[in-house]
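**Q** Got a structure for you, questions after.
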Amino acid sequence: MKKVAIVGAGIIGLYTAFELQKKGFEVVVFEKEDIKKVGKKSCSTLVSKRILNFIDIENNLIENTINKCLIKFNKKEVVLEFNPAHIVINREKLILKMIKEAPFEIIFNSKKTSFEEFDYVVGADGANSLIRKSLGLNDPKFKIGLKVEKKIKDHTNITKTFKTKDGFTWIIPKGDYVEYGILEKKENLEKEWNRFNKKGENMSFALVPQGLILSKSDKYVLVGDSTGLTKPWSGGGIIWQLYEAKILIDNFPDFKKYNREVKRFFCYKIIKGRITNKLVHFIGNNLSFLIPSKIKYDNDFPNFLKSLFASIFKK
Ligand SMILES: Cc1cc2nc3c(=O)[nH]c(=O)nc-3n(C[C@H](O)[C@H](O)[C@H](O)COP(=O)(O)OP(=O)(O)OC[C@H]3O[C@@H](n4cnc5c(N)ncnc54)[C@H](O)[C@@H]3O)c2cc1C
């Protein structure tokens, strides 16, 4: 039986481990954190219900359902109706549940850097991936995601976002509390956060990568945040990376085919996402009369023009 080391017990590493074990590989997961800290990464974990196609999530892990996003432009507010709807997941509880149910070994507090005894190594070790660095690959671009929590009960179903210099801020009602956050370039972060002026407890932050870095090795492969694959308009990574992980699992261990398939599926979406994002903010702030105030919108795989025409036609 071929042995696979998975480095990183985040959502993507654990999902990949479950699926590769099912395919008959002998899997061992190496996680640098202690079990008590592993689920605590700074992450809003607001994802579309597409996550249920990949991972079983019971109701007690869902903190709220969000089906709308209000975007504030300079002179207009636009409501995106999420289709499919989104859910806010308790990331820590989800990861602990996946760890508890794992039919493979997980080694915590791991400092392992050499994997000679393994046939294949999956680098699912996050934005600052050591596996990526050890392969001599460049880092993707980074922004910083920062969030705080305020103990106000809010079960409403609408999240709000406001454009900042090179990113955006958000307010997410999470049921028992409200989360305020920002995604920005490091150099703008302090100024834009102070301008947003939202105070709260439990401040945490982490890198949000943007790019698509793939390994050329036949033994080492990257997946998840380590590849830099996040949605260009939101920095959300989980759904796109689950699709990426599925492509890896389907083609394992043919990593050349995995790279080809990932590029085929995502390159166009990344470029289109970057251009549309800029265009929407330009039109929203300067020609806002062109945009209807309500648009039905797929936040994972948007077709903005189609959504726009559908909304205008409906009006
Ligand atoms: C503030 C913020 C908010 C976000 N909100 C959302 C959101 O609402 N929706 C969404 O889809 N995405 C969101 N994201 C992005 C999302 O968090 C990531 O895309 C996703 O968590 C990536 O999962 P991963 O498993 O690839 O990496 P990670 O979750 O980073 O997991 C990597 C794991 O590898 C471990 N590790 C690292 N180095 C080593 C090593 N050398 N050896 C062993 N283990 C190692 C880490 O401890 C960690 O457990 C947000 C990010 C931030 C910063």
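Following the order of the structure tokens, chains are lettered A, B, ..., residues in each are numbered from 1, and ligands are numbered from 1.
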Among stretch 97-214 of chain A, which ones does DSSP place in helix (DSSP H, G or I), written as JSON, numbers by chain?
**A** {"A": [97, 98, 99, 100, 101, 130, 131, 132, 133, 134, 186, 187, 188, 189, 190, 191, 192, 193, 194, 195, 196]}
**Q** Write out as a list in words each polymer residue whose atoms come within 12 Å of A:Ser134, counting only C-alpha atoms; drop sequence neighbours fewer than 5 positions from it.
**A**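 Skipping anything fewer than 5 positions along the chain leaves Thr113, Ser114, Phe115, Gly123, Asn128, Ser129, Asp139, Ser215, Ser217, Tyr220, Val221 and Leu222 of chain A.
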**Q** Hey, can you check how far atom CA of A:Asn303 sits from atom CA of A:Lys257?
**A** 26.9 Å
**Q** Do a neighbour search on stretch 69-76 of chain A at 9 Å with only C-alpha atoms, toss out local chain neighbours closer than 4 positions, and write the hits as a VMD selection string.
**A** chain A and resid 80 to 82 157 to 163 281 284 to 286 288 to 289 293
**Q** Give me the residues near stretch 105-110 of chain A as a PyMOL selection string, where near means some atom within 10 Å (using only C-alpha atoms) and where sequence neighbours in that chain fewer than 3 positions away do not count.
**A** chain A and resi 5-9+14+17+26-36+38+99+102+113
**Q** Within 12 Å of A:Lys263, counting only C-alpha atoms, which residues qualify if same-chain residues fewer than 3 places away don't, as a PyMOL selection string?
**A** chain A and resi 211-214+227+229+244+247-248+256-260+266-271
**Q** Could you write out the selected residues, including N, CA and C atoms, as a short mmCIF file (atom, residue, chain, number, x, y, z; two decimals), in the first residue's frame?
**A**
data_model
loop_
_atom_site.label_atom_id
_atom_site.label_comp_id
_atom_site.auth_asym_id
_atom_site.auth_seq_id
_atom_site.Cartn_x
_atom_site.Cartn_y
_atom_site.Cartn_z
N GLY A 211 -3.18 33.65 -5.77
CA GLY A 211 -2.35 33.21 -6.88
C GLY A 211 -2.68 31.78 -7.24
N LEU A 212 -1.76 31.13 -7.92
CA LEU A 212 -1.90 29.70 -8.18
C LEU A 212 -0.51 29.13 -8.39
N ILE A 213 0.07 28.59 -7.29
CA ILE A 213 1.43 28.06 -7.33
C ILE A 213 1.32 26.53 -7.24
N LEU A 214 1.83 25.84 -8.24
CA LEU A 214 1.73 24.37 -8.24
C LEU A 214 3.12 23.76 -8.28
N THR A 227 -1.32 26.65 -2.23
CA THR A 227 -1.23 26.97 -3.66
C THR A 227 -1.61 28.44 -3.92
N LEU A 229 -4.63 29.60 -3.90
CA LEU A 229 -5.90 29.68 -4.64
C LEU A 229 -7.04 30.20 -3.75
N GLU A 244 -10.40 22.08 -5.79
CA GLU A 244 -9.00 21.79 -6.13
C GLU A 244 -8.59 20.43 -5.53
N ILE A 247 -10.01 17.56 -7.41
CA ILE A 247 -9.26 17.29 -8.65
C ILE A 247 -7.99 16.49 -8.29
N LEU A 248 -7.36 16.86 -7.18
CA LEU A 248 -6.15 16.13 -6.75
C LEU A 248 -6.50 14.66 -6.45
N LYS A 256 0.97 15.64 -12.62
CA LYS A 256 1.01 16.47 -13.84
C LYS A 256 -0.42 16.71 -14.33
N LYS A 257 -1.21 15.64 -14.29
CA LYS A 257 -2.61 15.77 -14.72
C LYS A 257 -3.37 16.68 -13.75
N TYR A 258 -3.09 16.52 -12.45
CA TYR A 258 -3.71 17.40 -11.44
C TYR A 258 -3.42 18.86 -11.78
N ASN A 259 -2.14 19.18 -12.04
CA ASN A 259 -1.78 20.57 -12.35
C ASN A 259 -2.54 21.07 -13.59
N ARG A 260 -2.57 20.21 -14.62
CA ARG A 260 -3.25 20.59 -15.85
C ARG A 260 -4.74 20.87 -15.61
N PHE A 266 -9.36 26.61 -13.17
CA PHE A 266 -9.31 27.86 -12.40
C PHE A 266 -8.70 29.07 -13.09
N CYS A 267 -7.76 28.87 -14.05
CA CYS A 267 -7.04 30.05 -14.56
C CYS A 267 -8.00 31.11 -15.11
N TYR A 268 -8.93 30.65 -15.93
CA TYR A 268 -9.89 31.59 -16.52
C TYR A 268 -10.73 32.26 -15.43
N LYS A 269 -11.13 31.47 -14.41
CA LYS A 269 -11.97 32.01 -13.33
C LYS A 269 -11.20 33.07 -12.53
N ILE A 270 -9.89 32.85 -12.34
CA ILE A 270 -9.08 33.81 -11.58
C ILE A 270 -8.99 35.13 -12.36
N ILE A 271 -8.66 35.02 -13.65
CA ILE A 271 -8.49 36.24 -14.45
C ILE A 271 -9.83 36.98 -14.56
#
**Q** For A:Pro232, please output as JSON, numbers by chain all residues within 10 Å (counting only C-alpha atoms; exclusion window: fewer than 4 positions along the same chain).
**A** {"A": [209, 210, 211, 236, 237, 269, 270, 271, 272, 273, 274, 275, 276, 277]}
**Q** Atom CA of A:Lys153 and atom CA of A:Thr65 are how many Å apart?
**A**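 Atom-to-atom, atom CA of A:Lys153 and atom CA of A:Thr65 are spaced 14.0 Å apart.
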**Q** Skipping near chain neighbours, those fewer than 3 positions away, what residues fall within 8 Å of A:Lys40 using only C-alpha atoms, listed as a ChimeraX atom specification?
**A** /A:37,91-92
**Q** Atom 12 (N, counted along the ligand's line) of ligand 1 and atom CA of A:Ile95, how far apart in Å?
**A**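 Rounded to one decimal, the two atoms are 14.2 Å apart.
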**Q** Check the smallest atom-to-atom distance from each of A:Ile238, A:Ile131, A:Val122, A:Ala245 to ligand 1 using only C-alpha atoms and all ligand atoms, then report the winner.
**A** A:Ile238
